[in-house]
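For reference, the structure discussed in these notes is given below.
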Amino acid sequence: MIAHSEEQPSRPKPQSFTVKVLRKNGPGQPSYWAYFTIPYEPELNVISVLQKIAARGEEDGGKKCSPVCWDCNCLEEVCGACTMVINGRVRQSCSALVDRLLDEDGATIELRPMTKFPVVRDLMVDRSRMFQALKKVKAWVPVDGYYDLGPGPKQSMAAQEASYPLSECMTCGCCVESCPQFSKIELEQQSSESAEAFAERKEAEYDENFIGPHAISQVVLFNMNPTGEMNKRERMDAVTEEGGIQVCGNAQNCVSVCPKHIPLTRSIAKVGRDATFHTLKKWFDWS
Ligand code: SF4
Ligand code: SF4
Ligand code: FES
């Protein structure tokens with residue numbers, strides 16, 4: 001086994017540790033802190049701690065409470081659903097190890113929902129704006145059909161190697177949480193508004209605002225795909241509209257928090273260059 005010289009020696013573990021959770025019963029409700037003291041066990045992650053809290057059913061001091069609500073799916077840092085702010089750092093709760101958090105931050109673990117999305121309940125947020133951005137930029141390869149289309153065009157090894165890291169995006173939200181240009185949008189359904197009309201209004205509002213670095217990076221991924229390339233023009237139209245690449249202030253916070261180490265600033269620079277060509281080409285076509 002290779003020892004990492006930069007690894008900090010682990011601290012002696014406490015007998016118990018406190019988990020401080022920023023809770024909220026639903027949209028429009030006030031937030032409040034709840035405290036749970038959990039007996040220490042080795043090799044817990046934040047999700048197993050939340051499961052222990054759910055099984056206990058009461059806060060410190062004996063007050064009965066409902067289980068803390070959170071989102072998760074894969075439990076191996078692939079789906080992105082369990083993202084939250086843990087001890088001030090946005091990350092996935094399934095890969096946040098309690099031993100490491102206690103070593104780094106002492107005997108309290110603070111859990112908050114991400115701040116750039118509407119809170120559904122407790123630590124669960126509505127990330128649909130991120131998926132709407134992927135819809136806007138057509139982040140897919142259109143291969144649906146009623147008959148066998150045969151094998152697609154070949155992609156060189158170099159192109160595969162360049163696109164693979166971009167394909168690892170799990171729409172987790174870490175990049176947009178850290179992005180100063182991505183502001184929270186939280187709309188309320190009016191009493192006279194149907195669910196469909198509300199969903200439409202939300203999508204229109206999302207489309208007018210910054211799509212975020214994750215969507216910009218997917219533009220690069222699908223434009224470089226030999227089949228996906230046929231929608232390049234529509235993607236470039238979308239990414240140069242209101243809420244597109246021009247909103248990025250190049251602060252580069254996004255790249256430093258991406259758990260998949262996706263080269264987001266490289267993607268942003270590439271789309272920026274392509275956007276200039278695309279706009280010039282449109283002017284030229286129109287002249
Ligand atoms: S680019 Fe990285 S941080 Fe952003 S959503 Fe994808 S995986 Fe998460
Ligand atoms: S580089 Fe652009 S997308 Fe990334 S954090 Fe900065 S403003 Fe946001
Ligand atoms: S549960 Fe899928 S990333 Fe954590």
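We name chains A, B, ... following the order of the structure tokens; residues begin at 1 in each chain, and ligands are numbered from 1 as shown.
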For the contact check between chain A and ligand 2, emit one row per residue of chain A within 6 Å, containing the shortest atom pair and the distance in Å rounded to one decimal, counting only C-alpha atoms and all ligand atoms, chain then rising number order, as a tab-separated table.
```
residue	atom	partner	partner_atom_place_in_ligand_line	distance
A:Cys179	CA	ligand 2	5 (S)	3.7
A:Pro180	CA	ligand 2	8 (Fe)	5.8
A:Gln181	CA	ligand 2	7 (S)	5.1
A:Gly212	CA	ligand 2	3 (S)	5.6
A:Pro213	CA	ligand 2	3 (S)	4.3
A:Cys248	CA	ligand 2	2 (Fe)	3.8
A:Gly249	CA	ligand 2	7 (S)	4.1
A:Asn250	CA	ligand 2	1 (S)	3.6
A:Ala251	CA	ligand 2	6 (Fe)	3.5
A:Gln252	CA	ligand 2	1 (S)	3.7
A:Asn253	CA	ligand 2	5 (S)	4.1
A:Cys254	CA	ligand 2	5 (S)	4.1
A:Thr265	CA	ligand 2	1 (S)	6.0
```
Need the shell around region 150-156 of chain A: protein/DNA/RNA residues with any atom at most 9 Å away, counting only C-alpha atoms. Skip same-chain ones fewer than 6 positions apart. Format as number ranges by chain? A: 225-227
Hey, what's within 12 Å of region 10-17 of chain A if we count only C-alpha atoms and toss same-chain stuff fewer than 6 positions away? As a list in words, please? Tyr35, Phe36, Thr37, Ile38, Pro39, Tyr40, Glu41, Pro42, Glu43, Leu44, Val49, Asp60, Val98, Asp99, Arg100, Leu101, Leu102, Asp103, Glu104, Asp105, Gly106, Ala107, Thr108, Ile109 and Glu110 of chain A
With N, CA and C atoms kept, could you save the residues just selected as a PDB file, in the first residue's frame?
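Below you can see out.pdb, which holds the result:
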```pdb
ATOM      1  N   TYR A  35     -30.305  19.363  16.607  1.00  0.00           N
ATOM      2  CA  TYR A  35     -29.029  18.780  17.077  1.00  0.00           C
ATOM      3  C   TYR A  35     -29.231  17.314  17.447  1.00  0.00           C
ATOM      4  N   PHE A  36     -28.297  16.507  17.043  1.00  0.00           N
ATOM      5  CA  PHE A  36     -28.367  15.064  17.329  1.00  0.00           C
ATOM      6  C   PHE A  36     -26.981  14.596  17.768  1.00  0.00           C
ATOM      7  N   THR A  37     -26.891  14.005  18.940  1.00  0.00           N
ATOM      8  CA  THR A  37     -25.605  13.445  19.368  1.00  0.00           C
ATOM      9  C   THR A  37     -25.590  11.964  19.012  1.00  0.00           C
ATOM     10  N   ILE A  38     -24.558  11.573  18.296  1.00  0.00           N
ATOM     11  CA  ILE A  38     -24.485  10.205  17.762  1.00  0.00           C
ATOM     12  C   ILE A  38     -23.265   9.507  18.363  1.00  0.00           C
ATOM     13  N   PRO A  39     -23.438   8.298  18.907  1.00  0.00           N
ATOM     14  CA  PRO A  39     -22.253   7.567  19.410  1.00  0.00           C
ATOM     15  C   PRO A  39     -21.295   7.277  18.247  1.00  0.00           C
ATOM     16  N   TYR A  40     -20.016   7.454  18.512  1.00  0.00           N
ATOM     17  CA  TYR A  40     -19.009   7.245  17.452  1.00  0.00           C
ATOM     18  C   TYR A  40     -18.895   5.763  17.087  1.00  0.00           C
ATOM     19  N   GLU A  41     -18.824   5.503  15.789  1.00  0.00           N
ATOM     20  CA  GLU A  41     -18.472   4.170  15.262  1.00  0.00           C
ATOM     21  C   GLU A  41     -17.522   4.418  14.113  1.00  0.00           C
ATOM     22  N   PRO A  42     -16.564   3.538  13.915  1.00  0.00           N
ATOM     23  CA  PRO A  42     -15.668   3.770  12.771  1.00  0.00           C
ATOM     24  C   PRO A  42     -16.401   3.556  11.446  1.00  0.00           C
ATOM     25  N   GLU A  43     -15.892   4.206  10.421  1.00  0.00           N
ATOM     26  CA  GLU A  43     -16.314   4.009   9.026  1.00  0.00           C
ATOM     27  C   GLU A  43     -17.767   4.352   8.731  1.00  0.00           C
ATOM     28  N   LEU A  44     -18.283   5.370   9.419  1.00  0.00           N
ATOM     29  CA  LEU A  44     -19.614   5.873   9.057  1.00  0.00           C
ATOM     30  C   LEU A  44     -19.449   6.875   7.921  1.00  0.00           C
ATOM     31  N   VAL A  49     -25.160   8.258   9.048  1.00  0.00           N
ATOM     32  CA  VAL A  49     -25.509   9.070  10.221  1.00  0.00           C
ATOM     33  C   VAL A  49     -26.972   9.525  10.105  1.00  0.00           C
ATOM     34  N   ASP A  60     -31.698  15.842  20.326  1.00  0.00           N
ATOM     35  CA  ASP A  60     -31.072  15.919  21.656  1.00  0.00           C
ATOM     36  C   ASP A  60     -32.058  16.624  22.589  1.00  0.00           C
ATOM     37  N   VAL A  98     -17.234  10.177   8.047  1.00  0.00           N
ATOM     38  CA  VAL A  98     -17.280  10.812   9.362  1.00  0.00           C
ATOM     39  C   VAL A  98     -15.881  10.855   9.988  1.00  0.00           C
ATOM     40  N   ASP A  99     -15.119   9.776   9.867  1.00  0.00           N
ATOM     41  CA  ASP A  99     -13.766   9.765  10.452  1.00  0.00           C
ATOM     42  C   ASP A  99     -12.948  10.950   9.937  1.00  0.00           C
ATOM     43  N   ARG A 100     -13.060  11.179   8.641  1.00  0.00           N
ATOM     44  CA  ARG A 100     -12.274  12.272   8.058  1.00  0.00           C
ATOM     45  C   ARG A 100     -12.807  13.632   8.507  1.00  0.00           C
ATOM     46  N   LEU A 101     -14.150  13.766   8.584  1.00  0.00           N
ATOM     47  CA  LEU A 101     -14.730  15.048   9.018  1.00  0.00           C
ATOM     48  C   LEU A 101     -14.319  15.353  10.453  1.00  0.00           C
ATOM     49  N   LEU A 102     -14.295  14.315  11.314  1.00  0.00           N
ATOM     50  CA  LEU A 102     -13.900  14.531  12.713  1.00  0.00           C
ATOM     51  C   LEU A 102     -12.420  14.916  12.789  1.00  0.00           C
ATOM     52  N   ASP A 103     -11.598  14.310  11.928  1.00  0.00           N
ATOM     53  CA  ASP A 103     -10.167  14.668  11.903  1.00  0.00           C
ATOM     54  C   ASP A 103      -9.967  16.119  11.483  1.00  0.00           C
ATOM     55  N   GLU A 104     -10.757  16.515  10.460  1.00  0.00           N
ATOM     56  CA  GLU A 104     -10.530  17.848   9.878  1.00  0.00           C
ATOM     57  C   GLU A 104     -11.195  18.959  10.681  1.00  0.00           C
ATOM     58  N   ASP A 105     -12.409  18.680  11.214  1.00  0.00           N
ATOM     59  CA  ASP A 105     -13.218  19.778  11.739  1.00  0.00           C
ATOM     60  C   ASP A 105     -13.611  19.640  13.207  1.00  0.00           C
ATOM     61  N   GLY A 106     -13.163  18.590  13.902  1.00  0.00           N
ATOM     62  CA  GLY A 106     -13.548  18.456  15.307  1.00  0.00           C
ATOM     63  C   GLY A 106     -14.856  17.696  15.444  1.00  0.00           C
ATOM     64  N   ALA A 107     -15.467  17.791  16.638  1.00  0.00           N
ATOM     65  CA  ALA A 107     -16.553  16.863  16.989  1.00  0.00           C
ATOM     66  C   ALA A 107     -17.956  17.308  16.581  1.00  0.00           C
ATOM     67  N   THR A 108     -18.079  18.305  15.713  1.00  0.00           N
ATOM     68  CA  THR A 108     -19.422  18.681  15.230  1.00  0.00           C
ATOM     69  C   THR A 108     -19.466  18.575  13.717  1.00  0.00           C
ATOM     70  N   ILE A 109     -20.536  18.004  13.211  1.00  0.00           N
ATOM     71  CA  ILE A 109     -20.736  17.936  11.758  1.00  0.00           C
ATOM     72  C   ILE A 109     -21.976  18.761  11.436  1.00  0.00           C
ATOM     73  N   GLU A 110     -21.781  19.769  10.581  1.00  0.00           N
ATOM     74  CA  GLU A 110     -22.896  20.664  10.244  1.00  0.00           C
ATOM     75  C   GLU A 110     -23.418  20.337   8.841  1.00  0.00           C
TER      76      GLU A 110
END
```
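Minimum atom-to-atom distances from A:Lys260, A:Arg89, A:His214, A:Lys24 to ligand 3 were compared using only C-alpha atoms and all ligand atoms, and the lowest value belongs to A:Lys260.
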Compute the set of protein, DNA and RNA residues whose minimum atom distance to ligand 1 is at most 6 Å, using only C-alpha atoms and all ligand atoms, and state it as a VMD selection string. chain A and resid 169 to 175 214 258 to 260 262
Resulting file, chosen residues, C-alpha atoms, as an mmCIF file, in the first residue's frame:
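Heads up, here's the output in result.cif:
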```cif
data_model
loop_
_atom_site.group_PDB
_atom_site.id
_atom_site.type_symbol
_atom_site.label_atom_id
_atom_site.label_comp_id
_atom_site.auth_asym_id
_atom_site.auth_seq_id
_atom_site.Cartn_x
_atom_site.Cartn_y
_atom_site.Cartn_z
ATOM 1 C CA CYS A 169 -20.814 14.961 -14.875
ATOM 2 C CA MET A 170 -23.546 13.796 -12.466
ATOM 3 C CA THR A 171 -25.504 17.095 -12.340
ATOM 4 C CA CYS A 172 -24.699 17.196 -8.640
ATOM 5 C CA GLY A 173 -24.850 20.976 -8.219
ATOM 6 C CA CYS A 174 -21.457 21.589 -6.571
ATOM 7 C CA CYS A 175 -20.300 23.848 -9.438
ATOM 8 C CA HIS A 214 -22.219 21.963 -16.006
ATOM 9 C CA CYS A 258 -16.224 19.682 -9.004
ATOM 10 C CA PRO A 259 -15.970 16.230 -7.357
ATOM 11 C CA LYS A 260 -15.318 14.659 -10.774
ATOM 12 C CA ILE A 262 -14.144 18.034 -14.839
#
```
Dump the neighbourhood of ligand 3 as JSON, numbers by chain: all residues within 12 Å, distances computed on only C-alpha atoms and all ligand atoms. {"A": [45, 46, 47, 48, 70, 71, 72, 73, 74, 75, 76, 77, 78, 79, 80, 81, 82, 83, 84, 91, 92, 93, 94, 95, 96, 97, 168, 169, 170, 171, 172, 173, 174, 259, 260]}
Residues flagged strand (DSSP E or B) by DSSP in region 119-158 of chain A, as a PyMOL selection string: chain A and resi 119-121+124-125
Which residue gives the smallest distance to Ala238 (chain A) among A:Ala139, A:Leu111, A:Val257, A:Leu149, with only C-alpha atoms counted? A:Ala139
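Shortest separation to Trp140 (chain A) among A:Met114, A:Met224, A:Ala34, A:Val239 occurs at residue A:Met224, atoms counted being only C-alpha atoms.
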As JSON, numbers by chain, please: every residue in region 39-190 of chain A that DSSP puts in alpha helix (DSSP H). {"A": [46, 47, 48, 49, 50, 51, 52, 53, 54, 55, 56, 98, 99, 100, 101, 102, 103, 104, 105, 128, 129, 130, 131, 132, 133, 134, 135, 136, 157, 158, 159, 160, 161, 162, 163, 164, 165, 166, 167, 174, 175, 176, 177, 178]}
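Counting from CA of Ile268 (chain A), the distance to CA of Val143 (chain A) is 26.4 Å.
Taking CA of Val120 (chain A) and CA of Trp33 (chain A) as endpoints, the distance between them is 16.3 Å.
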Might you pull out every residue within 9 Å of Arg235 (chain A), with only C-alpha atoms counted and same-chain residues fewer than 6 positions away left off, and present them as a PyMOL selection string? chain A and resi 136-139+219+222-223
If we count only C-alpha atoms and set the cut-off at 8 Å, which residues sit around Ile53 (chain A), ignoring sequence neighbours fewer than 5 positions away in its own chain? Please answer as a ChimeraX atom specification. /A:36,58,67-68
Residue with the minimum atom-to-atom distance to Asn87 (chain A), picked from A:Gly62, A:Pro113, A:Gly243, A:Pro30 with only C-alpha atoms counted, is A:Pro113
Quick one: residues within 9 Å of Glu188 (chain A), only C-alpha atoms counted, chain neighbours fewer than 3 positions away excluded, as a ChimeraX atom specification? /A:27-28,198
Residues from last step as file, C-alpha atoms, as a tab-separated table (two decimals), in the first residue's frame:
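For reference, again-v3.tsv as written:
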```
chain	number	residue	atom	x	y	z
A	27	PRO	CA	-41.12	25.59	0.81
A	28	GLY	CA	-41.89	28.95	2.42
A	198	PHE	CA	-46.56	26.71	-12.96
```
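Across the structure, CA of Asp207 (chain A) and CA of Lys184 (chain A) are spaced 13.3 Å apart.
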